[in-house]
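Reviewing the structure listed below.
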Amino acid sequence: MSMEMTAWHSLYNARHATEDQRPFSRAVLRRIGAFARPHRRELGWFLVLSVGGAVLAVATPVLAGQVVNAITDGHAQRTVVTLALLIAGIAVAEAALGLLTRWLSARIGEGLILDLRTTVFDHVQRMPIAFFTRTRTGALVSRLNSDVIGAQRAFSDTLSGVAGNLVMLLLTLGVMVSISWQITLLALLLLPVFVLPARRMGARLARLSREAADHDAVMATQMTERFSAPGATLVKLYGRPAEESREFALRAGRVRDIGIRSAMLQMAFVTALTLVSALALALVYGLGGYYALRGSLDPGAVVSLALLLTRLYAPLTALASARVEVMTALVSFQRVFEVLDLKPLIRQAPDARPVPDGPVAVEFEDVDFGYPAADKVSLASLEEVATLDARGGEQVLHGVSFRAEPGQLVALVGSSGAGKSTIAQLLPRLYDADAGTVRVGGVDVRELTADSLRATLGMVTQDGHLFHDTIGANLRLAAPGADDAELWDALRRARLDDLVAALPDGLDTVVGERGYRLSGGERQRLTIARLLLARPRVVILDEATAHLDATSEAAVQEALAEALAGRTSVVIAHRLSTIRAADQILVVEAGRIVQRGTHDELLAAGGRYAELHATQFADADRTTADVTGEVTGEVTGDMTPEVLPDAPSTPVGAQ
């Protein structure tokens with residue numbers, strides 16, 4: 001490596017160094033070793049080849065000096081040619097070793113990235129919903145990208161660099177001392193002139209880089225929020241475009257200024273160190289030439305010393321920054337392990353069994369629940385806050401008990417925040433009850449396999465989420481093996497087939513981020529089509545029509561009638577038409593069931609349900625009826641469309 005390349009390498013390491021000074025235990029090192037163990041054979045060969053390359057790099061200057069001596073001493077041409085061929089052979093071998101080492105480095109590094117990413121990805125998928133409601137997505141993605149790559153560098157770059165540079169340094173020093181200890185000592189005295197400015201300049205560049213990264217992060221957040229469909233809508237409605245542009249330009253200008261300053265600092269540093277290199281070479285040639293003219297040193301030795309000088313400073317500088325590189329890599333590992341150390345709150349029992357075949361009942365028995373505290377499900381670094389919110393853990397459900405018999409529809413009604421959605425989320429084990437039991441098919445959900453529970457339950461939420469993918473791909477989340485005919489059948493029953501057929505790309509139409517290329521009613525019907533495709537035995541509706549206009553709701557209600565027919569259903573309702581069809585109505589207030597019964601029974605009893613009926617439900621139902629006429633009444637009356645076949649064993653991808 002040339003002096004200029006060494007300078008750039010030193011600056012790079014300094015700029016990307018971390019200031020994290022957390023102690024690292026042997027347990028952390030053992031965990032790193034566990035990830036490295038599958039690659040130990042490649043790592044062994046990688047180290048051997050790195051050491052071999054260092055030996056060859058030192059051999060070339062020595063042979064070059066012998067060539068000069070052979071010429072000046074008037075040796076036979078055969079000797080000079082032989083030495084030249086040997087140098088050429090070493091160059092070829094060094095190139096081959098370099099390629100092989102690079103291949104092994106890539107294989108180890110990419111393999112480690114694969115192992116780390118898949119491990120973190122799989123672990124994150126097992127985290128509870130509370131984890132995702134608290135975590136900033138960008139911070140989490142960074143763990144799977146920059147931190148994983150930083151950890152990978154510990155093996156592909158740092159490990160080989162330390163081994164190779166150490167061998168090269170020892171060999172180079174040994175050869176130089178054997179040639180002239182005086183010149184070697186003077187060369188070493190110039191080392192601080194090279195290393196100390198590198199560290200000081202590197203620290204300044206690191207600060208500038210972090211400041212630029214902070215500005216970039218803020219700009220990225222601003223762009224991510226403003227360029228999403230809902231964010232762009234909000235800015236157009238309430239935003240101040242001129243101020244938004246001014247704020248963005250201010251940060252972008254600061255990044256530009258930092259870039260210019262960093263570029264000049266880097267160039268000044270590299271230029272200064274190149275000058276130091278030239279002065280060091282001048283010292284070797286001047287003092288070495290003086291000794292050669294006095295006859296105390298061979299001319300070839302002077303050439304060898306000059307060539308070895310570059311091979312002395314490069315490893316010395318690299319080893320001087322090795323600790324920083326190692327600590328940076330260890331911090332990356334530590335950040336990855338932080339995520340892996342978050343224990344999933346929802347775990348499958350070792351002896352878990354599938355949901356029993358046949359009709360399925362749903363039962364809650366004296367269920368208590370409180371949302372987990374932040375320290376149980378999140379990290380301050382993932383939320384990008386100094387300390388985690390200490391609140392959480394308060395009980396929100398108190399002794400909830402009810403049973404939905406196979407094929408029955410149970411409606412949950414109550415004020416906003418009463419706990420209705422929380423009850424719905426306990427069924428598919430988005431959370432687990434703190435006390436009491438939730439049963440599906442007569443079995444505690446904690447004793448059921450996750451796959452069979454997903455295949456049995458289907459859920460549609462207020463915000464029918466869709467991925468930025470095609471209509472067909474979003475539908476096949478529920479049934480990966482479904483053919484186009486099955487997709488079209490589900491769309492027909494969701495009253496969406498005419499719309500999709502009219503689209504230029506049909507099932508291959510990309511719905512956009514979160515499905516925002518479709519209207520709210522169309523998104524909901526598409527999630528219902530996904531539910532129908534999955535054919536679950538239990539349907540959970542969490543106010544699936546709460547934010548729709550009356551016309552869109554009428555179409556969605558038609559689709560829901562298909563989804564609910566013949567299935568055990570738990571419905572969080574806000575329309576009177578849905579409630580009238582319920583076999584049992586549960587009135588939830590402050591996490592407790594305060595009333596239960598049929599529509600007529602509860603009206604006759606008075607109390608909270610009668611209040612809700614007189615305000616929320618009746619008014620909303622009149623609004624719907626005024627717009628949709630008889631359609632809503634026909635669809636949501638007795639809900640007796642065609643009964644769909646029993647659910648297959650395909651896991652549900654529906655909301």
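Following the order of the structure tokens, first chain is A, next is B, and so on, with residues numbered from 1 inside each chain and ligands from 1 in the order they appear.
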List the spatial neighbours of Val284 in chain A as an NGL selection string - criterion: any atom at most 8 Å away, only C-alpha atoms, same-chain residues fewer than 2 positions off excluded. :A and (183 or 187 or 280-282 or 286-289 or 302 or 305-306)
Might you pull out every residue within 8 Å of Leu169 in chain A, with only C-alpha atoms counted and same-chain residues fewer than 6 positions away left off, and present them as a list of chain:residue names?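 In the requested format, the answer is A:Arg311, A:Leu312, A:Pro315, A:Leu316.
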Can you spit out the residues from that selection as an mmCIF file, in the first residue's frame, using N, CA and C atoms?
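Dumped to result.cif:
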data_model
loop_
_atom_site.group_PDB
_atom_site.id
_atom_site.type_symbol
_atom_site.label_atom_id
_atom_site.label_comp_id
_atom_site.auth_asym_id
_atom_site.auth_seq_id
_atom_site.Cartn_x
_atom_site.Cartn_y
_atom_site.Cartn_z
ATOM 1 N N ARG A 311 6.425 -0.120 3.134
ATOM 2 C CA ARG A 311 5.842 -1.299 3.777
ATOM 3 C C ARG A 311 6.015 -1.268 5.297
ATOM 4 N N LEU A 312 6.724 -0.262 5.788
ATOM 5 C CA LEU A 312 6.861 -0.076 7.229
ATOM 6 C C LEU A 312 5.782 0.861 7.755
ATOM 7 N N PRO A 315 1.736 -0.655 7.585
ATOM 8 C CA PRO A 315 1.227 -1.506 8.674
ATOM 9 C C PRO A 315 1.264 -0.831 10.038
ATOM 10 N N LEU A 316 2.286 0.030 10.278
ATOM 11 C CA LEU A 316 2.339 0.740 11.551
ATOM 12 C C LEU A 316 1.115 1.633 11.730
#
Determine, counting only C-alpha atoms, which protein, DNA and RNA residues have an atom within 8 Å of an atom of Ile346 in chain A; residues of the same chain fewer than 3 positions away are not included. Present the result as a VMD selection string. chain A and resid 126 to 128 429 to 432
For the residues in that selection, give me C-alpha atoms as a PDB file, in the first residue's frame.
ATOM      1  CA  ARG A 126     -41.555 -12.705  16.677  1.00  0.00           C
ATOM      2  CA  MET A 127     -41.770  -9.428  18.586  1.00  0.00           C
ATOM      3  CA  PRO A 128     -45.166  -8.271  19.893  1.00  0.00           C
ATOM      4  CA  ARG A 429     -52.176 -13.668  20.186  1.00  0.00           C
ATOM      5  CA  LEU A 430     -51.009 -10.252  19.138  1.00  0.00           C
ATOM      6  CA  TYR A 431     -50.739 -10.037  22.923  1.00  0.00           C
ATOM      7  CA  ASP A 432     -51.185 -12.615  25.674  1.00  0.00           C
TER       8      ASP A 432
END
Given only C-alpha atoms as the counted atoms, nearest of A:Leu297, A:Leu140, A:Met219, A:Ile149 to Gln182 in chain A: A:Leu297
As a VMD selection string, please: all residues of range 485-613 of chain A that backbone DSSP puts in helix (DSSP H, G or I). chain A and resid 485 to 493 497 to 502 506 to 508 513 to 515 520 to 534 550 to 564 576 to 580 599 to 605 608 to 613
Quick one: residues within 9 Å of Ala91 in chain A, only C-alpha atoms counted, chain neighbours fewer than 3 positions away excluded, as an mmCIF file with N, CA and C atoms, in the first residue's frame?
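As written to disk, around-v1.cif reads:
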data_model
loop_
_atom_site.group_PDB
_atom_site.id
_atom_site.type_symbol
_atom_site.label_atom_id
_atom_site.label_comp_id
_atom_site.auth_asym_id
_atom_site.auth_seq_id
_atom_site.Cartn_x
_atom_site.Cartn_y
_atom_site.Cartn_z
ATOM 1 N N LEU A 56 5.142 -12.221 0.917
ATOM 2 C CA LEU A 56 5.506 -11.926 -0.471
ATOM 3 C C LEU A 56 5.742 -10.433 -0.672
ATOM 4 N N ALA A 57 4.945 -9.598 0.032
ATOM 5 C CA ALA A 57 5.108 -8.156 -0.112
ATOM 6 C C ALA A 57 6.464 -7.681 0.382
ATOM 7 N N THR A 60 9.652 -8.838 -2.202
ATOM 8 C CA THR A 60 9.926 -8.128 -3.452
ATOM 9 C C THR A 60 10.998 -7.040 -3.295
ATOM 10 N N LEU A 86 12.119 -14.199 -10.829
ATOM 11 C CA LEU A 86 11.634 -14.507 -9.490
ATOM 12 C C LEU A 86 10.713 -13.391 -8.978
ATOM 13 N N ILE A 87 11.094 -12.138 -9.250
ATOM 14 C CA ILE A 87 10.236 -11.014 -8.861
ATOM 15 C C ILE A 87 8.898 -11.088 -9.595
ATOM 16 N N ALA A 88 8.960 -11.445 -10.886
ATOM 17 C CA ALA A 88 7.729 -11.568 -11.659
ATOM 18 C C ALA A 88 6.853 -12.701 -11.099
ATOM 19 N N GLU A 94 1.474 -13.071 -5.749
ATOM 20 C CA GLU A 94 0.829 -12.082 -4.874
ATOM 21 C C GLU A 94 -0.532 -11.683 -5.430
ATOM 22 N N ALA A 95 -0.619 -11.546 -6.774
ATOM 23 C CA ALA A 95 -1.902 -11.203 -7.383
ATOM 24 C C ALA A 95 -2.916 -12.329 -7.185
ATOM 25 N N ALA A 96 -2.463 -13.576 -7.387
ATOM 26 C CA ALA A 96 -3.356 -14.725 -7.206
ATOM 27 C C ALA A 96 -3.824 -14.824 -5.753
#
To one decimal place, how far is CA of Val367 in chain A from CA of Ala352 in chain A in Å? 21.0 Å
Residue nearest Ser378 in chain A - candidates A:Val28, A:Ala314, A:Leu427, A:Ala130, atoms counted: only C-alpha atoms: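 For Ser378 in chain A, the nearest of the candidates is A:Ala130.
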Could you tell me how far CA of Thr456 in chain A sits from CA of Arg596 in chain A, in Å to one decimal place?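 Interatomic distance here is 25.7 Å.
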Check the smallest atom-to-atom distance from each of A:Lys376, A:Arg256, A:Arg335, A:Arg30 to Val148 in chain A using only C-alpha atoms, then report the winner.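 For Val148 in chain A, the nearest of the given residues is A:Arg335.
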